[in-house]
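Next comes entry-v9.cif, a file with mmCIF, C-alpha atoms.
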```cif
data_start
#
loop_
_atom_site.label_atom_id
_atom_site.label_comp_id
_atom_site.auth_asym_id
_atom_site.auth_seq_id
_atom_site.Cartn_x
_atom_site.Cartn_y
_atom_site.Cartn_z
CA MET A 30 144.92 67.47 105.84
CA ILE A 31 146.30 70.81 104.64
CA ARG A 32 144.18 72.97 102.35
CA VAL A 33 146.37 74.73 99.78
CA ALA A 34 144.98 77.44 97.49
CA ALA A 35 147.30 78.40 94.66
CA VAL A 36 147.35 80.51 91.50
CA GLY A 37 149.97 82.05 89.23
CA ASP A 38 150.11 84.26 86.15
CA ILE A 39 147.40 86.63 87.28
CA HIS A 40 149.16 89.48 85.41
CA LEU A 41 147.45 92.30 87.29
CA ALA A 42 147.57 95.91 86.13
CA PRO A 43 145.51 99.01 86.97
CA ASP A 44 142.74 97.91 84.57
CA SER A 45 142.27 94.67 86.54
CA ARG A 46 142.08 96.22 90.02
CA GLY A 47 139.69 94.30 92.30
CA LEU A 48 139.26 91.43 89.84
CA LEU A 49 140.34 88.57 92.10
CA ARG A 50 139.53 90.06 95.49
CA PRO A 51 135.90 88.78 95.74
CA ALA A 52 136.99 85.17 95.20
CA TRP A 53 140.08 85.51 97.41
CA GLU A 54 137.98 86.86 100.28
CA THR A 55 136.29 83.44 100.49
CA LEU A 56 139.64 81.74 101.20
CA GLY A 57 139.07 81.75 104.95
CA ASP A 58 136.26 79.19 104.43
CA CYS A 59 138.15 76.75 102.25
CA ALA A 60 141.95 77.16 102.53
CA ASP A 61 144.82 77.39 105.03
CA MET A 62 147.06 79.45 102.75
CA LEU A 63 147.27 81.15 99.37
CA LEU A 64 150.34 80.43 97.24
CA LEU A 65 151.15 82.82 94.38
CA ALA A 66 153.28 81.22 91.67
CA GLY A 67 154.73 84.33 90.01
CA ASP A 68 153.84 86.63 87.11
CA LEU A 69 151.66 88.63 89.42
CA THR A 70 152.13 91.78 87.28
CA ARG A 71 152.34 92.42 83.53
CA HIS A 72 155.56 94.45 83.33
CA GLY A 73 156.86 94.37 86.92
CA THR A 74 156.17 98.06 87.57
CA VAL A 75 155.52 99.63 90.97
CA GLU A 76 152.07 100.74 89.80
CA GLU A 77 151.11 97.16 88.90
CA ALA A 78 152.63 95.73 92.09
CA GLU A 79 150.46 98.16 94.09
CA VAL A 80 147.39 96.59 92.45
CA VAL A 81 148.59 93.12 93.57
CA ALA A 82 149.32 94.47 97.07
CA ASP A 83 145.75 95.83 97.34
CA GLU A 84 144.32 92.47 96.25
CA ILE A 85 146.16 90.54 98.99
CA LYS A 86 146.04 93.06 101.85
CA GLY A 87 144.14 91.71 104.86
CA LEU A 88 143.18 88.35 103.32
CA PRO A 89 141.96 85.77 105.89
CA VAL A 90 144.85 83.32 105.11
CA PRO A 91 148.65 83.69 104.97
CA VAL A 92 149.95 84.55 101.48
CA VAL A 93 153.26 83.11 100.24
CA ALA A 94 154.58 84.19 96.84
CA VAL A 95 157.40 83.85 94.36
CA LEU A 96 157.91 86.30 91.51
CA GLY A 97 157.87 85.39 87.82
CA ASN A 98 159.74 86.62 84.76
CA HIS A 99 157.17 89.39 84.11
CA ASP A 100 157.76 90.71 87.63
CA TYR A 101 161.46 91.15 86.70
CA HIS A 102 160.79 92.95 83.41
CA SER A 103 161.29 96.52 84.72
CA ASP A 104 164.34 95.57 86.87
CA LEU A 105 162.24 96.49 89.92
CA GLN A 106 161.84 92.98 91.37
CA ASP A 107 163.07 94.08 94.81
CA GLU A 108 160.55 96.93 94.90
CA VAL A 109 157.77 94.59 93.71
CA ALA A 110 158.68 92.05 96.42
CA GLY A 111 158.87 94.83 99.02
CA LEU A 112 155.38 96.09 98.17
CA LEU A 113 153.94 92.57 98.49
CA GLU A 114 155.76 92.04 101.81
CA ARG A 115 154.35 95.28 103.18
CA ALA A 116 150.88 94.06 102.15
CA GLY A 117 151.45 91.01 104.35
CA ALA A 118 152.81 88.40 101.91
CA THR A 119 155.96 86.34 102.40
CA VAL A 120 157.95 86.56 99.16
CA LEU A 121 160.43 83.73 98.68
CA GLU A 122 163.50 83.49 96.46
CA GLY A 123 165.83 80.66 97.36
CA GLU A 124 164.48 80.38 100.89
CA GLY A 125 161.67 78.83 102.90
CA THR A 126 159.00 79.72 105.40
CA VAL A 127 157.07 77.68 107.97
CA LEU A 128 153.32 77.95 108.53
CA ASP A 129 151.60 76.45 111.56
CA VAL A 130 148.33 74.95 110.33
CA GLY A 131 146.35 73.70 113.31
CA GLY A 132 149.54 72.41 114.98
CA THR A 133 151.02 70.90 111.78
CA LYS A 134 154.25 72.49 110.56
CA VAL A 135 154.00 73.16 106.83
CA GLY A 136 157.21 74.19 105.07
CA ILE A 137 157.09 76.14 101.82
CA ALA A 138 160.28 76.68 99.82
CA GLY A 139 160.19 79.03 96.85
CA THR A 140 162.17 80.18 93.87
CA LYS A 141 161.27 81.78 90.57
CA GLY A 142 163.39 79.11 88.91
CA PHE A 143 164.45 79.40 85.29
CA GLY A 144 164.60 77.54 81.97
CA GLY A 145 167.08 75.19 80.36
CA GLY A 146 164.93 72.26 79.30
CA PHE A 147 164.33 68.72 80.39
CA ALA A 148 166.49 65.64 80.80
CA GLY A 149 168.02 64.52 77.53
CA ARG A 150 167.20 67.78 75.75
CA SER A 151 168.60 70.47 77.98
CA ALA A 152 171.08 73.31 77.77
CA GLY A 153 174.58 72.81 79.13
CA GLU A 154 176.98 75.18 80.85
CA PHE A 155 179.17 75.49 77.77
CA GLY A 156 180.32 77.99 75.16
CA GLU A 157 179.52 81.69 75.14
CA PRO A 158 179.45 83.56 78.44
CA GLU A 159 175.73 84.35 77.90
CA MET A 160 174.93 80.64 77.57
CA ARG A 161 177.03 79.66 80.56
CA SER A 162 175.46 82.36 82.71
CA PHE A 163 171.94 81.27 81.62
CA VAL A 164 172.57 77.69 82.74
CA ARG A 165 174.51 78.72 85.86
CA TYR A 166 171.60 80.92 86.99
CA SER A 167 169.11 78.09 86.46
CA ARG A 168 171.33 75.70 88.44
CA ARG A 169 171.59 78.21 91.28
CA CYS A 170 167.80 78.59 91.52
CA ALA A 171 167.38 74.80 91.69
CA ALA A 172 170.20 74.37 94.22
CA ASP A 173 168.66 77.06 96.43
CA LEU A 174 165.30 75.29 96.22
CA ALA A 175 166.86 71.93 97.23
CA ARG A 176 168.73 73.51 100.13
CA SER A 177 165.70 75.37 101.46
CA LEU A 178 163.46 72.29 101.21
CA LEU A 179 166.03 70.19 103.10
CA ASP A 180 166.36 72.95 105.74
CA LEU A 181 162.58 72.91 106.23
CA ARG A 182 162.66 69.12 106.60
CA GLU A 183 165.36 69.47 109.29
CA GLN A 184 163.21 72.03 111.08
CA GLY A 185 160.61 69.28 111.49
CA CYS A 186 158.09 70.27 108.83
CA GLU A 187 155.59 67.46 108.28
CA VAL A 188 154.40 68.77 104.93
CA LEU A 189 156.78 70.22 102.33
CA ILE A 190 155.63 72.30 99.38
CA ALA A 191 157.88 73.59 96.58
CA LEU A 192 156.63 76.83 95.03
CA MET A 193 158.11 78.09 91.77
CA HIS A 194 157.24 79.97 88.60
CA PHE A 195 159.05 77.90 85.97
CA SER A 196 158.07 74.26 85.53
CA PRO A 197 160.00 71.30 86.99
CA VAL A 198 158.48 68.78 84.55
CA PRO A 199 157.39 68.67 80.90
CA ASP A 200 154.05 66.96 81.80
CA THR A 201 152.36 70.23 82.76
CA LEU A 202 153.60 71.94 79.57
CA ALA A 203 151.48 69.72 77.28
CA GLY A 204 149.66 72.15 75.00
CA GLU A 205 152.61 74.52 74.66
CA PRO A 206 154.67 74.35 71.44
CA PRO A 207 157.41 71.73 72.15
CA GLU A 208 160.02 74.07 70.64
CA ILE A 209 159.71 76.47 73.59
CA TYR A 210 159.90 73.90 76.43
CA PRO A 211 163.50 74.92 77.26
CA PHE A 212 162.18 78.42 78.03
CA LEU A 213 159.42 77.09 80.26
CA GLY A 214 161.32 75.09 82.82
CA THR A 215 164.11 72.75 83.75
CA TYR A 216 164.47 69.23 85.14
CA LEU A 217 166.90 70.70 87.71
CA LEU A 218 163.88 71.96 89.68
CA ALA A 219 162.34 68.45 89.67
CA GLU A 220 165.63 67.02 90.90
CA ALA A 221 165.53 69.46 93.83
CA VAL A 222 161.91 68.56 94.64
CA ASP A 223 162.72 64.83 94.52
CA GLU A 224 165.87 65.16 96.60
CA ALA A 225 163.84 66.63 99.45
CA GLU A 226 160.85 64.31 98.86
CA ALA A 227 158.45 67.24 98.82
CA ASP A 228 154.72 66.52 99.08
CA LEU A 229 153.65 68.89 96.32
CA ALA A 230 155.25 71.14 93.70
CA VAL A 231 153.33 74.12 92.37
CA HIS A 232 154.29 76.27 89.40
CA GLY A 233 152.89 78.65 86.76
CA HIS A 234 154.38 80.22 83.60
CA ALA A 235 152.87 77.81 81.03
CA HIS A 236 149.53 79.40 80.08
CA MET A 237 148.76 76.82 77.39
CA GLY A 238 149.87 73.85 79.49
CA THR A 239 147.90 71.42 81.63
CA GLU A 240 147.33 71.23 85.38
CA HIS A 241 148.59 67.77 86.34
CA GLY A 242 152.07 66.27 86.30
CA MET A 243 154.50 64.23 88.37
CA THR A 244 158.26 64.18 88.87
CA ALA A 245 160.41 61.10 88.26
CA GLY A 246 160.50 60.67 92.04
CA GLY A 247 156.68 60.58 92.28
CA VAL A 248 156.01 64.09 93.59
CA LYS A 249 152.75 65.58 92.32
CA VAL A 250 153.20 68.75 90.24
CA ARG A 251 150.41 71.24 89.59
CA ASN A 252 150.50 74.03 87.01
CA VAL A 253 148.33 76.73 88.58
CA ALA A 254 148.65 79.38 85.83
CA GLN A 255 145.27 81.12 85.92
CA PRO A 256 144.45 80.40 82.25
CA VAL A 257 145.10 76.70 82.96
CA ILE A 258 143.03 76.31 86.15
CA GLY A 259 140.30 78.65 84.88
CA HIS A 260 139.58 80.09 88.32
CA ALA A 261 140.84 82.69 90.81
CA PHE A 262 142.73 79.86 92.53
CA ALA A 263 143.01 76.07 92.55
CA LEU A 264 142.45 74.15 95.76
CA TYR A 265 144.39 71.07 96.87
CA HIS A 266 143.90 68.95 99.97
CA VAL A 267 147.33 67.62 100.96
CA PRO A 268 147.35 64.72 103.43
CA VAL A 269 149.66 64.92 106.45
CA GLY A 270 152.21 62.23 107.27
CA VAL A 271 151.30 59.66 104.59
CA ARG A 272 154.97 59.05 103.82
CA ILE A 273 155.64 57.71 107.32
CA ASP A 274 154.71 54.05 107.20
CA VAL A 275 154.61 52.70 110.76
CA PRO A 276 154.02 48.92 110.90
CA ALA A 277 151.47 47.73 113.45
CA VAL A 278 153.04 46.16 116.52
CA GLY A 279 151.38 43.33 118.41
CA MET B 2 158.79 97.43 43.18
CA LYS B 3 159.02 96.13 46.73
CA GLU B 4 157.11 92.88 47.38
CA PRO B 5 154.62 92.85 50.27
CA GLU B 6 156.28 91.56 53.43
CA ALA B 7 155.96 87.80 54.02
CA SER B 8 153.22 86.89 56.50
CA GLU B 9 155.70 84.85 58.57
CA TYR B 10 157.66 87.98 59.42
CA ARG B 11 154.54 90.00 60.16
CA ILE B 12 153.33 87.28 62.55
CA ALA B 13 156.73 87.02 64.23
CA ARG B 14 156.76 90.79 64.72
CA LEU B 15 153.24 90.76 66.15
CA ARG B 16 154.29 88.04 68.59
CA GLU B 17 157.29 90.11 69.70
CA ARG B 18 155.21 93.24 70.04
CA LEU B 19 152.61 91.48 72.20
CA ALA B 20 155.34 90.03 74.41
CA ASP B 21 157.58 93.06 74.79
CA GLU B 22 155.56 96.20 74.66
CA GLU B 23 152.20 97.51 75.66
CA ILE B 24 150.60 94.44 77.21
CA SER B 25 153.38 91.87 77.83
CA GLU B 26 151.13 89.06 76.69
CA LEU B 27 152.97 85.77 76.18
CA GLY B 28 149.96 83.47 76.36
CA VAL B 29 148.50 84.15 72.92
CA GLN B 30 149.26 81.62 70.21
CA ILE B 31 149.43 82.93 66.66
CA ASP B 32 149.55 80.75 63.56
CA MET B 33 148.30 80.56 59.97
CA ARG B 34 145.23 78.45 59.26
CA GLY B 35 143.49 78.26 55.90
CA GLY B 36 144.79 81.64 54.81
CA TYR B 37 143.82 83.34 58.08
CA VAL B 38 146.01 84.52 60.95
CA HIS B 39 144.58 82.59 63.90
CA LEU B 40 144.93 84.12 67.39
CA TRP B 41 143.98 81.91 70.32
CA GLY B 42 144.55 81.51 74.05
CA THR B 43 143.40 82.97 77.36
CA VAL B 44 144.01 86.58 78.42
CA SER B 45 143.43 88.30 81.76
CA THR B 46 140.77 90.91 80.94
CA THR B 47 138.38 91.98 78.18
CA ALA B 48 140.37 95.24 77.86
CA CYS B 49 143.48 93.13 77.24
CA ARG B 50 141.67 91.16 74.53
CA SER B 51 140.54 94.34 72.73
CA GLU B 52 144.08 95.73 72.89
CA ILE B 53 145.51 92.53 71.38
CA LEU B 54 143.04 92.70 68.50
CA ARG B 55 143.87 96.36 67.92
CA ILE B 56 147.61 95.69 67.84
CA ALA B 57 147.07 92.67 65.55
CA GLU B 58 145.17 94.83 63.10
CA THR B 59 147.91 97.46 62.89
CA GLU B 60 150.79 94.96 62.80
CA LEU B 61 149.33 92.48 60.30
CA GLY B 62 148.53 95.18 57.76
CA GLY B 63 145.45 93.73 56.11
CA LEU B 64 146.08 89.99 56.56
CA PRO B 65 142.73 88.37 57.43
CA VAL B 66 142.45 87.58 61.16
CA ARG B 67 140.36 85.08 63.11
CA ALA B 68 140.48 85.39 66.89
CA ASP B 69 139.40 82.89 69.54
CA LEU B 70 140.64 84.61 72.69
CA THR B 71 138.95 83.78 75.99
CA VAL B 72 139.11 85.82 79.20
CA ALA B 73 140.40 84.04 82.33
CA CYS B 74 137.72 83.24 84.89
CA ALA B 75 138.10 85.00 88.27
CA THR B 76 135.69 82.90 90.35
CA ALA B 77 136.51 80.44 93.14
CA PRO B 78 136.72 76.75 92.14
CA GLU B 79 133.68 74.51 92.76
CA ARG B 80 135.66 71.85 94.64
CA PRO B 81 139.14 70.91 95.84
CA GLU B 82 141.34 68.15 94.47
CA GLU B 83 142.09 65.47 97.08
CA LEU B 84 145.77 64.52 96.81
CA GLU B 85 146.63 61.08 98.15
#
```
What does this structure look like when you write it as structure tokens?
Amino acid sequence: MIRVAAVGDIHLAPDSRGLLRPAWETLGDCADMLLLAGDLTRHGTVEEAEVVADEIKGLPVPVVAVLGNHDYHSDLQDEVAGLLERAGATVLEGEGTVLDVGGTKVGIAGTKGFGGGFAGRSAGEFGEPEMRSFVRYSRRCAADLARSLLDLREQGCEVLIALMHFSPVPDTLAGEPPEIYPFLGTYLLAEAVDEAEADLAVHGHAHMGTEHGMTAGGVKVRNVAQPVIGHAFALYHVPVGVRIDVPAVG
Amino acid sequence: MKEPEASEYRIARLRERLADEEISELGVQIDMRGGYVHLWGTVSTTACRSEILRIAETELGGLPVRADLTVACATAPERPEELE
């Protein structure tokens, strides 16, 4: 069993310095990793990213993060990612990383992802250049997620986790105004998660949403936005190897 | 004489201001209920909540406000969820 701690949308700034650290310092007792699902800062400034870096520095578990739309707001996403990396986190965008948890290879693929909406009510790559580039960008994020998950599978990972900021399913958006769903996620991310048969998909972004959802392919989705989970992190116990069904011989 | 600005536009502008400027807060819902501007949702800190209420007061220009903003909890969870 793999113990996954996850939270997103912590929106740290200098006035919230030290807020999450006491709870995160207990992670060594209950978790094998901490996943950060984006929107770690309020405006994506270096000053705010330094607060996040101080919160994660020297934690007793590996930290794997994706950025969110807020972390892009000042056009300093590379600097923000760099600061988190220097504090010891692995920041993913369209790539994966492998953690060894007691001899079990756990693969985590991450992307910020983007919007576009859900099957039957989604934006198409058509019309104005702005619209086409919106949809093209969202497709690229999802394609990168699919490719990195499949790469991790090929590398022999027994547990696969998809980490993103935007939502792959509408289930976890329940509570948000339906009119804004296309800005909260896209089914393209769910398609990527299903293609690779991931074990768990974790996202943030939807503060008014709900925690639990599932893709069409049966992958569990968890919205870990801090206002949704109501804690410094949520904790999931992911079983190892349940998908391999070996019939008894004899 | 110029009519007072419609509450819809004031609310829309408040929403934009909360999202774009000082506090980048997208998680606050704002709607009209029984003649009041109703602000609700979860924000990260108490300072953030006070700032939202201050901005609402200046932006809504006298419209009556009711706020039900909670501050996100920063403690560890009591138990894990067992995924099967």
Discussion item. Report, in Å with one decimal, the straight-line distance from CA of Pro197 in chain A to CA of Lys141 in chain A.
Written reply: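 According to the coordinates, CA of Pro197 in chain A and CA of Lys141 in chain A are separated by 11.1 Å.
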Practice prompt. Translate the PyMOL selection byres ((chain B) within 12 of (chain A)), as applied to the file shown, into an explicit residue set as a ChimeraX atom specification.
Written response: /B:19-32,41-49,52,70-85
Name every residue that the PyMOL selection byres ((chain A and resi 81) around 9) selects in this structure, writing the answer as a short mmCIF file (atom, residue, chain, number, x, y, z; two decimals) with C-alpha atoms, keeping the file's coordinate frame with chains first and numbers rising.
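The result, stored in part37.cif:
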```cif
data_model
loop_
_atom_site.label_atom_id
_atom_site.label_comp_id
_atom_site.auth_asym_id
_atom_site.auth_seq_id
_atom_site.Cartn_x
_atom_site.Cartn_y
_atom_site.Cartn_z
CA HIS A 40 149.16 89.48 85.41
CA LEU A 41 147.45 92.30 87.29
CA ALA A 42 147.57 95.91 86.13
CA ARG A 46 142.08 96.22 90.02
CA LEU A 69 151.66 88.63 89.42
CA THR A 70 152.13 91.78 87.28
CA GLU A 77 151.11 97.16 88.90
CA ALA A 78 152.63 95.73 92.09
CA GLU A 79 150.46 98.16 94.09
CA VAL A 80 147.39 96.59 92.45
CA ALA A 82 149.32 94.47 97.07
CA ASP A 83 145.75 95.83 97.34
CA GLU A 84 144.32 92.47 96.25
CA ILE A 85 146.16 90.54 98.99
CA LYS A 86 146.04 93.06 101.85
CA LEU A 112 155.38 96.09 98.17
CA LEU A 113 153.94 92.57 98.49
CA ALA A 116 150.88 94.06 102.15
#
```
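For the pair CA of Gly145 in chain A and CA of Glu114 in chain A, the separation is 29.5 Å.
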Practice prompt. Give me, please, the distance in Å between CA of Val135 in chain A and CA of Ala171 in chain A, quoted to one decimal.
Written response: 20.3 Å
Worksheet item: From the set A:Gly73, A:Gly246, A:Gly125, A:Gly139, which residue has the shortest atom-to-atom contact distance to Val95 in chain A, counting only C-alpha atoms?
Response: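 For Val95 in chain A, the nearest of the candidates is A:Gly139.
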Item to complete: Write out as a VMD selection string each polymer residue whose atoms come within 10 Å of range 146-159 of chain A, counting all atoms listed in the file; drop sequence neighbours fewer than 6 positions from it.
Response: chain A and resid 165 to 166 168 196 to 199 209 to 219
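Neighbouring residues of Val38 in chain B at 12 Å or closer, counting all atoms listed in the file and skipping chain neighbours under 4 positions away, are B:Ser8, B:Glu9, B:Arg11, B:Ile12, B:Ala13, B:Leu15, B:Arg16, B:Gln30, B:Ile31, B:Asp32, B:Met33, B:Arg34, B:Leu54, B:Ala57, B:Glu58, B:Glu60, B:Leu61, B:Gly62, B:Gly63, B:Leu64, B:Pro65, B:Val66, B:Arg67, B:Ala68, B:Asp69.
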Worksheet entry | Ground truth for the PyMOL selection byres ((chain A and resi 174) around 7), written as a ChimeraX atom specification | /A:123-124,138-140,170-173,175-178,221
Worksheet item: At a cut-off of 7 Å from (157.3, 78.8, 90.2) in the coordinates of the file, what residues are picked up using only C-alpha atoms, written as a ChimeraX atom specification?
Response: /A:66-67,95,140-142,192-196,231-233
Item to complete: Check the smallest atom-to-atom distance from each of A:Gly204, A:Pro43, A:Pro91, A:Gly131 to Glu240 in chain A using all atoms listed in the file, then report the winner.
Response: A:Gly204
Using 3 Å of padding on each side, determine the axis-aligned box around all atoms of range 255-272 of chain A present in the file and give its centre and edge lengths in Å to one decimal, as lines of an AutoDock Vina configuration file.
```
center_x = 147.3
center_y = 70.9
center_z = 94.8
size_x = 21.4
size_y = 29.6
size_z = 31.0
```
